[in-house]
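Everything below belongs to work-v4.pdb, which stores PDB, C-alpha atoms, pLDDT in the B column.
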```pdb
ATOM      1  CA  MET A  13     -12.240  47.884  33.879  1.00 42.00           C
ATOM      2  CA  LEU A  14     -13.646  48.765  30.527  1.00 47.00           C
ATOM      3  CA  GLY A  15     -15.049  45.779  28.585  1.00 49.00           C
ATOM      4  CA  ARG A  16     -14.891  43.378  31.526  1.00 49.00           C
ATOM      5  CA  TRP A  17     -17.931  42.262  33.487  1.00 47.00           C
ATOM      6  CA  PRO A  18     -17.580  41.043  37.059  1.00 48.00           C
ATOM      7  CA  ALA A  19     -17.943  37.261  37.300  1.00 46.00           C
ATOM      8  CA  ALA A  20     -20.612  37.595  40.005  1.00 46.00           C
ATOM      9  CA  ALA A  21     -22.913  39.309  37.487  1.00 52.00           C
ATOM     10  CA  TYR A  22     -23.438  35.943  35.733  1.00 63.00           C
ATOM     11  CA  PRO A  23     -24.011  33.184  38.281  1.00 77.00           C
ATOM     12  CA  CYS A  24     -24.402  29.647  37.046  1.00 85.00           C
ATOM     13  CA  LEU A  25     -26.807  26.966  38.244  1.00 89.00           C
ATOM     14  CA  MET A  26     -25.176  23.537  38.283  1.00 92.00           C
ATOM     15  CA  VAL A  27     -27.574  20.586  38.413  1.00 94.00           C
ATOM     16  CA  ALA A  28     -26.787  16.924  39.071  1.00 95.00           C
ATOM     17  CA  LEU A  29     -29.313  14.132  38.471  1.00 95.00           C
ATOM     18  CA  THR A  30     -28.577  10.752  40.060  1.00 96.00           C
ATOM     19  CA  VAL A  31     -30.714   8.099  38.367  1.00 96.00           C
ATOM     20  CA  ALA A  32     -31.059   4.728  40.154  1.00 96.00           C
ATOM     21  CA  GLU A  33     -32.828   2.984  37.261  1.00 95.00           C
ATOM     22  CA  PRO A  34     -33.944   4.058  33.761  1.00 95.00           C
ATOM     23  CA  ALA A  35     -36.317   7.027  33.869  1.00 94.00           C
ATOM     24  CA  VAL A  36     -37.722   9.830  31.733  1.00 94.00           C
ATOM     25  CA  VAL A  37     -36.919  13.296  33.059  1.00 95.00           C
ATOM     26  CA  THR A  38     -38.473  16.419  31.543  1.00 96.00           C
ATOM     27  CA  LEU A  39     -36.146  19.430  31.563  1.00 96.00           C
ATOM     28  CA  THR A  40     -37.304  23.005  31.020  1.00 97.00           C
ATOM     29  CA  VAL A  41     -34.452  25.442  30.373  1.00 96.00           C
ATOM     30  CA  HIS A  42     -34.198  28.987  29.049  1.00 94.00           C
ATOM     31  CA  ASP A  43     -30.826  28.698  27.345  1.00 92.00           C
ATOM     32  CA  HIS A  44     -29.012  25.977  25.415  1.00 94.00           C
ATOM     33  CA  VAL A  45     -27.600  23.336  27.789  1.00 95.00           C
ATOM     34  CA  GLN A  46     -25.482  20.234  27.373  1.00 95.00           C
ATOM     35  CA  LEU A  47     -26.440  17.217  29.461  1.00 96.00           C
ATOM     36  CA  ASP A  48     -23.360  15.160  30.363  1.00 96.00           C
ATOM     37  CA  ARG A  49     -23.089  11.713  31.920  1.00 96.00           C
ATOM     38  CA  VAL A  50     -20.475  11.313  34.634  1.00 94.00           C
ATOM     39  CA  THR A  51     -18.128   8.413  33.873  1.00 90.00           C
ATOM     40  CA  GLY A  52     -15.596   7.778  36.627  1.00 85.00           C
ATOM     41  CA  THR A  53     -13.475  10.913  36.903  1.00 87.00           C
ATOM     42  CA  SER A  54     -14.756  12.615  33.752  1.00 89.00           C
ATOM     43  CA  ALA A  55     -17.987  13.308  31.876  1.00 90.00           C
ATOM     44  CA  GLU A  56     -19.172  12.537  28.349  1.00 94.00           C
ATOM     45  CA  ARG A  57     -21.905  14.200  26.337  1.00 95.00           C
ATOM     46  CA  HIS A  58     -25.336  12.632  26.567  1.00 94.00           C
ATOM     47  CA  GLY A  59     -27.240  13.431  23.402  1.00 92.00           C
ATOM     48  CA  ASP A  60     -27.452  16.696  21.529  1.00 94.00           C
ATOM     49  CA  LEU A  61     -27.438  20.187  22.951  1.00 95.00           C
ATOM     50  CA  LEU A  62     -30.850  20.836  24.544  1.00 96.00           C
ATOM     51  CA  PRO A  63     -32.593  23.913  23.104  1.00 96.00           C
ATOM     52  CA  PRO A  64     -34.510  26.418  25.219  1.00 96.00           C
ATOM     53  CA  GLY A  65     -37.931  25.043  26.123  1.00 97.00           C
ATOM     54  CA  THR A  66     -39.217  21.745  27.504  1.00 97.00           C
ATOM     55  CA  THR A  67     -37.558  18.471  26.499  1.00 96.00           C
ATOM     56  CA  PRO A  68     -38.228  14.942  27.786  1.00 96.00           C
ATOM     57  CA  VAL A  69     -34.959  13.014  28.157  1.00 96.00           C
ATOM     58  CA  ARG A  70     -34.639   9.240  28.631  1.00 95.00           C
ATOM     59  CA  LEU A  71     -31.849   8.467  31.113  1.00 96.00           C
ATOM     60  CA  ALA A  72     -30.237   5.139  31.978  1.00 96.00           C
ATOM     61  CA  ALA A  73     -28.968   4.540  35.518  1.00 96.00           C
ATOM     62  CA  GLY A  74     -26.076   6.883  36.315  1.00 95.00           C
ATOM     63  CA  THR A  75     -25.228  10.461  37.210  1.00 95.00           C
ATOM     64  CA  TYR A  76     -25.895  13.325  34.798  1.00 96.00           C
ATOM     65  CA  VAL A  77     -24.979  16.998  35.056  1.00 95.00           C
ATOM     66  CA  PHE A  78     -25.803  20.253  33.290  1.00 94.00           C
ATOM     67  CA  ARG A  79     -25.230  23.970  33.803  1.00 93.00           C
ATOM     68  CA  THR A  80     -27.470  26.893  33.021  1.00 92.00           C
ATOM     69  CA  THR A  81     -27.327  30.633  33.562  1.00 89.00           C
ATOM     70  CA  ALA A  82     -31.131  30.896  33.809  1.00 91.00           C
ATOM     71  CA  ASP A  83     -33.911  29.346  35.872  1.00 92.00           C
ATOM     72  CA  ALA A  84     -34.637  25.688  35.137  1.00 95.00           C
ATOM     73  CA  GLN A  85     -37.232  23.046  35.960  1.00 96.00           C
ATOM     74  CA  VAL A  86     -36.915  19.281  36.348  1.00 96.00           C
ATOM     75  CA  GLN A  87     -40.151  17.297  36.104  1.00 95.00           C
ATOM     76  CA  LEU A  88     -40.212  13.726  37.435  1.00 94.00           C
ATOM     77  CA  GLY A  89     -42.830  11.053  37.760  1.00 87.00           C
ATOM     78  CA  ASP A  90     -43.818  10.424  41.391  1.00 83.00           C
ATOM     79  CA  ASP A  91     -42.115   7.029  41.319  1.00 86.00           C
ATOM     80  CA  ALA A  92     -39.030   8.081  39.303  1.00 89.00           C
ATOM     81  CA  PRO A  93     -35.882   6.922  41.135  1.00 93.00           C
ATOM     82  CA  VAL A  94     -34.042  10.212  40.564  1.00 94.00           C
ATOM     83  CA  HIS A  95     -32.230  12.407  43.115  1.00 94.00           C
ATOM     84  CA  VAL A  96     -31.678  16.056  42.128  1.00 94.00           C
ATOM     85  CA  LEU A  97     -28.988  18.383  43.505  1.00 93.00           C
ATOM     86  CA  ALA A  98     -28.514  22.007  42.421  1.00 91.00           C
ATOM     87  CA  VAL A  99     -25.780  24.471  43.350  1.00 88.00           C
ATOM     88  CA  ALA A 100     -25.709  28.154  42.377  1.00 81.00           C
ATOM     89  CA  GLN A 101     -22.156  29.326  41.750  1.00 72.00           C
ATOM     90  CA  ALA A 102     -20.974  32.778  40.805  1.00 61.00           C
ATOM     91  CA  ASN A 103     -19.101  31.671  37.714  1.00 51.00           C
ATOM     92  CA  ASP A 104     -19.658  31.253  34.021  1.00 45.00           C
ATOM     93  CA  LYS A 105     -20.749  28.047  32.300  1.00 49.00           C
ATOM     94  CA  ASP A 106     -17.110  27.083  31.640  1.00 53.00           C
ATOM     95  CA  GLY A 107     -16.019  26.979  35.301  1.00 54.00           C
ATOM     96  CA  ASN A 108     -15.115  23.856  37.235  1.00 57.00           C
ATOM     97  CA  TRP A 109     -17.681  21.706  39.019  1.00 53.00           C
ATOM     98  CA  PRO A 110     -17.461  22.094  42.793  1.00 51.00           C
ATOM     99  CA  ASP A 111     -16.565  19.252  45.093  1.00 51.00           C
ATOM    100  CA  PRO A 112     -20.006  18.045  46.371  1.00 49.00           C
ATOM    101  CA  GLN A 113     -18.695  18.200  49.958  1.00 43.00           C
ATOM    102  CA  MET A 114     -17.835  21.865  49.437  1.00 44.00           C
ATOM    103  CA  ALA A 115     -21.045  22.897  47.678  1.00 44.00           C
ATOM    104  CA  GLN A 116     -22.331  24.878  50.662  1.00 40.00           C
ATOM    105  CA  ALA A 117     -18.997  26.643  51.117  1.00 41.00           C
ATOM    106  CA  LEU A 118     -18.869  28.259  47.673  1.00 44.00           C
ATOM    107  CA  ASP A 119     -18.142  31.947  47.826  1.00 46.00           C
ATOM    108  CA  GLY A 120     -19.166  34.658  45.371  1.00 48.00           C
ATOM    109  CA  ARG A 121     -16.587  35.882  42.873  1.00 50.00           C
ATOM    110  CA  GLY A 122     -16.279  39.308  41.370  1.00 50.00           C
ATOM    111  CA  ASP A 123     -16.799  42.714  42.878  1.00 51.00           C
ATOM    112  CA  SER A 124     -20.579  43.091  42.662  1.00 56.00           C
ATOM    113  CA  PRO A 125     -23.598  41.042  43.709  1.00 59.00           C
ATOM    114  CA  PRO A 126     -25.282  38.823  41.089  1.00 59.00           C
ATOM    115  CA  ASP A 127     -27.932  40.431  38.924  1.00 67.00           C
ATOM    116  CA  HIS A 128     -30.022  37.248  39.143  1.00 74.00           C
ATOM    117  CA  VAL A 129     -29.295  33.943  40.848  1.00 79.00           C
ATOM    118  CA  PRO A 130     -30.854  31.105  38.830  1.00 87.00           C
ATOM    119  CA  THR A 131     -33.243  28.785  40.637  1.00 89.00           C
ATOM    120  CA  LEU A 132     -34.253  25.181  40.055  1.00 91.00           C
ATOM    121  CA  THR A 133     -37.804  23.924  40.474  1.00 90.00           C
ATOM    122  CA  VAL A 134     -38.301  20.177  40.891  1.00 92.00           C
ATOM    123  CA  LEU A 135     -41.796  18.823  40.226  1.00 91.00           C
ATOM    124  CA  ARG A 136     -42.804  15.290  41.180  1.00 90.00           C
ATOM    125  CA  LEU A 137     -46.015  14.427  39.396  1.00 85.00           C
ATOM    126  CA  SER A 138     -48.390  11.798  40.701  1.00 76.00           C
ATOM    127  CA  PRO A 139     -49.724   9.386  38.119  1.00 67.00           C
ATOM    128  CA  MET A 140     -53.220  10.261  36.940  1.00 61.00           C
ATOM    129  CA  PRO A 141     -55.826   8.018  38.570  1.00 65.00           C
ATOM    130  CA  ARG A 142     -57.454   5.641  36.128  1.00 64.00           C
ATOM    131  CA  PRO A 143     -61.202   5.963  35.839  1.00 69.00           C
ATOM    132  CA  VAL A 144     -63.176   3.087  37.245  1.00 72.00           C
ATOM    133  CA  ALA A 145     -65.621   1.557  34.801  1.00 68.00           C
ATOM    134  CA  PRO A 146     -69.224   1.479  36.102  1.00 72.00           C
ATOM    135  CA  ARG A 147     -70.628  -1.960  36.826  1.00 68.00           C
TER
END
```
Structure re-expressed in structure tokens:
Amino acid sequence: MLGRWPAAAYPCLMVALTVAEPAVVTLTVHDHVQLDRVTGTSAERHGDLLPPGTTPVRLAAGTYVFRTTADAQVQLGDDAPVHVLAVAQANDKDGNWPDPQMAQALDGRGDSPPDHVPTLTVLRLSPMPRPVAPR
């Protein structure tokens, strides 16, 4: 198979953010990603393409999704009403989103194991304590 790479060599990390009320989420990615907002049975773009690096993103209540072929990090405030779900799928960034009920049943595609399976790190940061003024 000259010129064709097995699909399993490029797994994709699919991330869904469910936001209960407006929040700021800081995303750290290593490739360009598009954040989309789920609207009924489809999705629409939310803002510009995110460049590699760390970007704070203001999100209204709703469900948002993005894909990446590299490790990613989501940073949330301790009280941020955001639920994060990530699924690694042996596919490229143009594949279909899995049915959430079937996320655990995804099988690898291609004829070789993945070179690297992307991971997601979720950080919940506690607010910094305010200093108490001496009396």
Would you please work out which residue, of A:Val129, A:Leu71, A:Val144, A:Val41, is nearest to Cys24 (chain A) when using all atoms listed in the file? A:Val129
Mind pulling up the distance from CA of Pro34 (chain A) to CA of Pro130 (chain A)? 27.7 Å
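Look at Asp90 (chain A): the protein and nucleic acid residues within 9 Å of it, using all atoms listed in the file and passing over chain neighbours fewer than 3 places away, are Pro93, Leu135, Arg136, Leu137, Ser138 and Pro139 of chain A.
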Suppose a student applies the PyMOL selection byres ((chain A and resi 55) around 12) to this structure; what residues should they get, written as a PDB file with C-alpha atoms, in the coordinates of the input?
```
ATOM      1  CA  ALA A  28     -26.787  16.924  39.071  1.00 95.00           C
ATOM      2  CA  GLN A  46     -25.482  20.234  27.373  1.00 95.00           C
ATOM      3  CA  LEU A  47     -26.440  17.217  29.461  1.00 96.00           C
ATOM      4  CA  ASP A  48     -23.360  15.160  30.363  1.00 96.00           C
ATOM      5  CA  ARG A  49     -23.089  11.713  31.920  1.00 96.00           C
ATOM      6  CA  VAL A  50     -20.475  11.313  34.634  1.00 94.00           C
ATOM      7  CA  THR A  51     -18.128   8.413  33.873  1.00 90.00           C
ATOM      8  CA  GLY A  52     -15.596   7.778  36.627  1.00 85.00           C
ATOM      9  CA  THR A  53     -13.475  10.913  36.903  1.00 87.00           C
ATOM     10  CA  SER A  54     -14.756  12.615  33.752  1.00 89.00           C
ATOM     11  CA  GLU A  56     -19.172  12.537  28.349  1.00 94.00           C
ATOM     12  CA  ARG A  57     -21.905  14.200  26.337  1.00 95.00           C
ATOM     13  CA  HIS A  58     -25.336  12.632  26.567  1.00 94.00           C
ATOM     14  CA  GLY A  74     -26.076   6.883  36.315  1.00 95.00           C
ATOM     15  CA  THR A  75     -25.228  10.461  37.210  1.00 95.00           C
ATOM     16  CA  TYR A  76     -25.895  13.325  34.798  1.00 96.00           C
ATOM     17  CA  VAL A  77     -24.979  16.998  35.056  1.00 95.00           C
ATOM     18  CA  PHE A  78     -25.803  20.253  33.290  1.00 94.00           C
ATOM     19  CA  TRP A 109     -17.681  21.706  39.019  1.00 53.00           C
TER      20      TRP A 109
END
```
Please write the residues picked by the PyMOL selection byres ((chain A and resi 62) around 7) on this file as a ChimeraX atom specification. /A:44-46,60-61,63-64
Write out, as a PDB file, in the coordinates of the input, the residues just selected, with C-alpha atoms.
```
ATOM      1  CA  HIS A  44     -29.012  25.977  25.415  1.00 94.00           C
ATOM      2  CA  VAL A  45     -27.600  23.336  27.789  1.00 95.00           C
ATOM      3  CA  GLN A  46     -25.482  20.234  27.373  1.00 95.00           C
ATOM      4  CA  ASP A  60     -27.452  16.696  21.529  1.00 94.00           C
ATOM      5  CA  LEU A  61     -27.438  20.187  22.951  1.00 95.00           C
ATOM      6  CA  PRO A  63     -32.593  23.913  23.104  1.00 96.00           C
ATOM      7  CA  PRO A  64     -34.510  26.418  25.219  1.00 96.00           C
TER       8      PRO A  64
END
```
Atom-to-atom span, CA of Ala82 (chain A) and CA of Val96 (chain A), Å: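 A separation of 17.0 Å between them.
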Calculate how many Å separate CA of Ala92 (chain A) from CA of Val27 (chain A), rounding to one decimal. 17.0 Å
What do you get, as a VMD selection string, if you spell out every residue that the PyMOL selection byres ((chain A and resi 81) around 9) selects here? chain A and resid 22 to 26 42 to 43 79 to 80 82 to 84 104 to 105 129 to 130
